[in-house]
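Peer 1: Take a look at this one; I'll ask things after.
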Amino acid sequence: MRRIKSVVDKESVQRRNSMIMGVVMVGILVFASLGYSLMSADGEDENVVRELGFDFVRDGGLWKVEIAGGIFGFQYLPSEVDDIDVNLTKELGEYSGEVLYFVNPNEGVGEVLNNLGRYILRYQESCLQQDSGESRVGGRGSDDLGNLTSKGSEYVCEGDLPVKDCSSNLIIFESGNETRVYGDGGCVHIVGDSIRGVDAFLYEVLNVK
């Protein structure tokens, strides 16, 4: 009898332990699922930011937003470039079907083309035409005119590139300690930090303000 009782007690203990283990495992699964759901929800909240009436979604290292049926991507949110002085009157339609020229192209060109490339006819590097043969134009150094060199009485753009004035659409990148953006006819001057300046320019053109 004692042996039978011991076997019964042993089986009872095993069943009890199995039940406890089952409850523990179910609890772990429940809490794990809940935790994952909460983390996912937090992640989604962190990846979506609403500014100026637009929802910006963090995707692929860019802040992407839908504007007038198109998707645009930026390195910076509007709030991160609102300290930049922007003084220009350019609209998206002014670039549609037109050639876009870049003077002193740098990493900012990629940011421009990622957003305006689908609208423009094509793009090309160029030099900015120099007025009256002077070395400085409108307070800009000659370096800001691109690879423009003097040959006799004429100025030519090295690399057999076109020389354009502000009757064409130009984006001119200029060095400077302070980032700012200003317009002059078809010219847009982006001074200082090119990426931040380009984003500030694009927000202005897209009327995100």
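Residue numbers start at 1 in each chain; chains themselves are named A, B, ... in the order of the structure tokens; ligands are numbered from 1 in the order shown.
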Which polymer residues have any atom within 9 Å of an atom of Ser168 (chain A), counting only C-alpha atoms, with same-chain residues fewer than 3 positions away left out, as a CSV table (one decimal) with N, CA and C atoms, in the first residue's frame?

Peer 2:
chain,number,residue,atom,x,y,z
A,98,GLU,N,11.2,72.5,-66.8
A,98,GLU,CA,12.3,73.4,-67.1
A,98,GLU,C,13.6,72.7,-66.7
A,99,VAL,N,14.7,73.3,-67.3
A,99,VAL,CA,16.0,72.8,-67.0
A,99,VAL,C,16.5,73.5,-65.7
A,100,LEU,N,17.1,72.7,-64.8
A,100,LEU,CA,17.6,73.2,-63.5
A,100,LEU,C,19.1,73.2,-63.5
A,101,TYR,N,19.7,74.3,-63.3
A,101,TYR,CA,21.2,74.4,-63.3
A,101,TYR,C,21.7,74.5,-61.8
A,164,LYS,N,25.2,80.7,-67.2
A,164,LYS,CA,23.8,81.1,-67.1
A,164,LYS,C,23.6,82.3,-66.2
A,165,ASP,N,22.6,83.1,-66.5
A,165,ASP,CA,22.2,84.2,-65.6
A,165,ASP,C,20.9,83.8,-64.9
A,185,GLY,N,15.5,86.6,-59.0
A,185,GLY,CA,14.9,86.2,-60.3
A,185,GLY,C,14.8,84.6,-60.3
A,186,GLY,N,15.4,84.0,-61.3
A,186,GLY,CA,15.4,82.5,-61.3
A,186,GLY,C,16.4,81.9,-60.4
A,187,CYS,N,17.3,82.7,-59.8
A,187,CYS,CA,18.4,82.1,-59.0
A,187,CYS,C,17.9,81.9,-57.5

Peer 1: Quick check, in Å to one decimal: how far apart do CA of Asn104 (chain A) and CA of Trp63 (chain A) lie?

Peer 2: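 Interatomic distance here is 26.0 Å.
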
Peer 1: Got a sec: who's within 10 Å of Arg58 (chain A), counting only C-alpha atoms, leaving out chain neighbours fewer than 2 positions off, as a VMD selection string?

Peer 2: chain A and resid 44 46 to 49 55 to 56 60 to 65 73 to 75

Peer 1: Could you dump the residues just selected with N, CA and C atoms as a short mmCIF file (atom, residue, chain, number, x, y, z; two decimals), in the first residue's frame?

Peer 2:
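File part.cif, as written:
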data_model
loop_
_atom_site.label_atom_id
_atom_site.label_comp_id
_atom_site.auth_asym_id
_atom_site.auth_seq_id
_atom_site.Cartn_x
_atom_site.Cartn_y
_atom_site.Cartn_z
N GLU A 44 5.78 53.33 -33.40
CA GLU A 44 4.99 54.00 -34.41
C GLU A 44 4.81 55.46 -34.07
N GLU A 46 6.86 57.31 -32.33
CA GLU A 46 8.13 58.00 -32.51
C GLU A 46 8.42 58.23 -33.99
N ASN A 47 7.90 57.42 -34.87
CA ASN A 47 8.19 57.52 -36.29
C ASN A 47 7.23 58.41 -37.05
N VAL A 48 6.25 58.96 -36.36
CA VAL A 48 5.29 59.87 -37.01
C VAL A 48 5.26 61.18 -36.22
N VAL A 49 5.52 62.26 -36.92
CA VAL A 49 5.51 63.59 -36.30
C VAL A 49 4.60 64.49 -37.12
N ASP A 55 1.68 65.15 -41.72
CA ASP A 55 2.22 64.00 -40.98
C ASP A 55 3.52 63.55 -41.64
N PHE A 56 4.62 63.69 -40.90
CA PHE A 56 5.93 63.28 -41.37
C PHE A 56 6.25 61.90 -40.80
N GLY A 60 13.49 55.01 -43.94
CA GLY A 60 14.73 54.98 -44.72
C GLY A 60 15.66 56.14 -44.44
N GLY A 61 15.65 56.65 -43.21
CA GLY A 61 16.54 57.75 -42.85
C GLY A 61 16.04 59.12 -43.25
N LEU A 62 14.82 59.19 -43.80
CA LEU A 62 14.24 60.47 -44.21
C LEU A 62 12.90 60.70 -43.53
N TRP A 63 12.52 61.95 -43.43
CA TRP A 63 11.17 62.31 -43.02
C TRP A 63 10.34 62.45 -44.29
N LYS A 64 9.41 61.53 -44.49
CA LYS A 64 8.61 61.52 -45.71
C LYS A 64 7.21 62.06 -45.43
N VAL A 65 6.68 62.79 -46.39
CA VAL A 65 5.38 63.42 -46.21
C VAL A 65 4.68 63.50 -47.57
N GLY A 73 10.73 63.66 -49.48
CA GLY A 73 11.57 63.21 -48.37
C GLY A 73 12.59 64.27 -47.98
N PHE A 74 12.78 64.45 -46.65
CA PHE A 74 13.66 65.49 -46.14
C PHE A 74 14.58 64.94 -45.05
N GLN A 75 15.75 65.54 -44.95
CA GLN A 75 16.65 65.19 -43.86
C GLN A 75 16.18 65.80 -42.54
#

Peer 1: Taking 5 positions as the minimum chain separation for residues in the same chain, which residues sit within 12 Å of Asp193 (chain A) when counting only C-alpha atoms? Answer as a list in words.

Peer 2: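 That gives Val81, Ile84, Asn106, Glu107, Gly108, Phe173, Glu174, Ser175, Gly176, Asn177, Glu178, Thr179, Arg180, Val181, Val198, Asp199, Ala200 and Phe201 of chain A.
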
Peer 1: Include N, CA and C atoms and write out the residues we just selected as a JSON list (two decimals), in the first residue's frame.

Peer 2:
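What landed in out.json:
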[["chain", "number", "residue", "atom", "x", "y", "z"],
["A", 81, "VAL", "N", 14.49, 73.53, -39.21],
["A", 81, "VAL", "CA", 15.10, 74.51, -40.13],
["A", 81, "VAL", "C", 14.37, 75.85, -40.07],
["A", 84, "ILE", "N", 16.23, 79.26, -40.12],
["A", 84, "ILE", "CA", 16.94, 79.71, -41.32],
["A", 84, "ILE", "C", 16.15, 80.84, -42.00],
["A", 106, "ASN", "N", 27.09, 70.38, -54.64],
["A", 106, "ASN", "CA", 27.60, 69.60, -53.51],
["A", 106, "ASN", "C", 26.54, 68.59, -53.09],
["A", 107, "GLU", "N", 26.61, 68.08, -51.86],
["A", 107, "GLU", "CA", 25.66, 67.05, -51.42],
["A", 107, "GLU", "C", 24.21, 67.54, -51.41],
["A", 108, "GLY", "N", 24.02, 68.85, -51.41],
["A", 108, "GLY", "CA", 22.66, 69.38, -51.44],
["A", 108, "GLY", "C", 21.93, 69.09, -52.74],
["A", 173, "PHE", "N", 25.11, 77.23, -54.69],
["A", 173, "PHE", "CA", 25.58, 76.90, -53.34],
["A", 173, "PHE", "C", 26.77, 77.80, -53.01],
["A", 174, "GLU", "N", 26.68, 78.45, -51.86],
["A", 174, "GLU", "CA", 27.72, 79.37, -51.44],
["A", 174, "GLU", "C", 28.18, 79.03, -50.03],
["A", 175, "SER", "N", 29.44, 79.26, -49.76],
["A", 175, "SER", "CA", 29.96, 79.04, -48.42],
["A", 175, "SER", "C", 29.53, 80.19, -47.51],
["A", 176, "GLY", "N", 29.47, 79.92, -46.23],
["A", 176, "GLY", "CA", 29.09, 80.95, -45.27],
["A", 176, "GLY", "C", 28.93, 80.38, -43.88],
["A", 177, "ASN", "N", 29.14, 81.21, -42.89],
["A", 177, "ASN", "CA", 29.02, 80.76, -41.50],
["A", 177, "ASN", "C", 27.57, 80.66, -41.05],
["A", 178, "GLU", "N", 26.72, 81.43, -41.66],
["A", 178, "GLU", "CA", 25.29, 81.44, -41.33],
["A", 178, "GLU", "C", 24.49, 80.88, -42.50],
["A", 179, "THR", "N", 23.60, 79.94, -42.20],
["A", 179, "THR", "CA", 22.79, 79.34, -43.26],
["A", 179, "THR", "C", 21.59, 80.23, -43.57],
["A", 180, "ARG", "N", 21.44, 80.54, -44.83],
["A", 180, "ARG", "CA", 20.31, 81.36, -45.27],
["A", 180, "ARG", "C", 19.99, 81.04, -46.73],
["A", 181, "VAL", "N", 18.80, 81.41, -47.15],
["A", 181, "VAL", "CA", 18.35, 81.15, -48.51],
["A", 181, "VAL", "C", 17.70, 82.43, -49.04],
["A", 198, "VAL", "N", 18.79, 73.50, -48.24],
["A", 198, "VAL", "CA", 17.93, 72.91, -49.28],
["A", 198, "VAL", "C", 16.57, 72.55, -48.71],
["A", 199, "ASP", "N", 16.54, 71.94, -47.52],
["A", 199, "ASP", "CA", 15.25, 71.58, -46.93],
["A", 199, "ASP", "C", 14.41, 72.82, -46.66],
["A", 200, "ALA", "N", 15.04, 73.89, -46.16],
["A", 200, "ALA", "CA", 14.31, 75.13, -45.93],
["A", 200, "ALA", "C", 13.77, 75.68, -47.25],
["A", 201, "PHE", "N", 14.57, 75.61, -48.30],
["A", 201, "PHE", "CA", 14.15, 76.04, -49.64],
["A", 201, "PHE", "C", 12.98, 75.21, -50.14]]
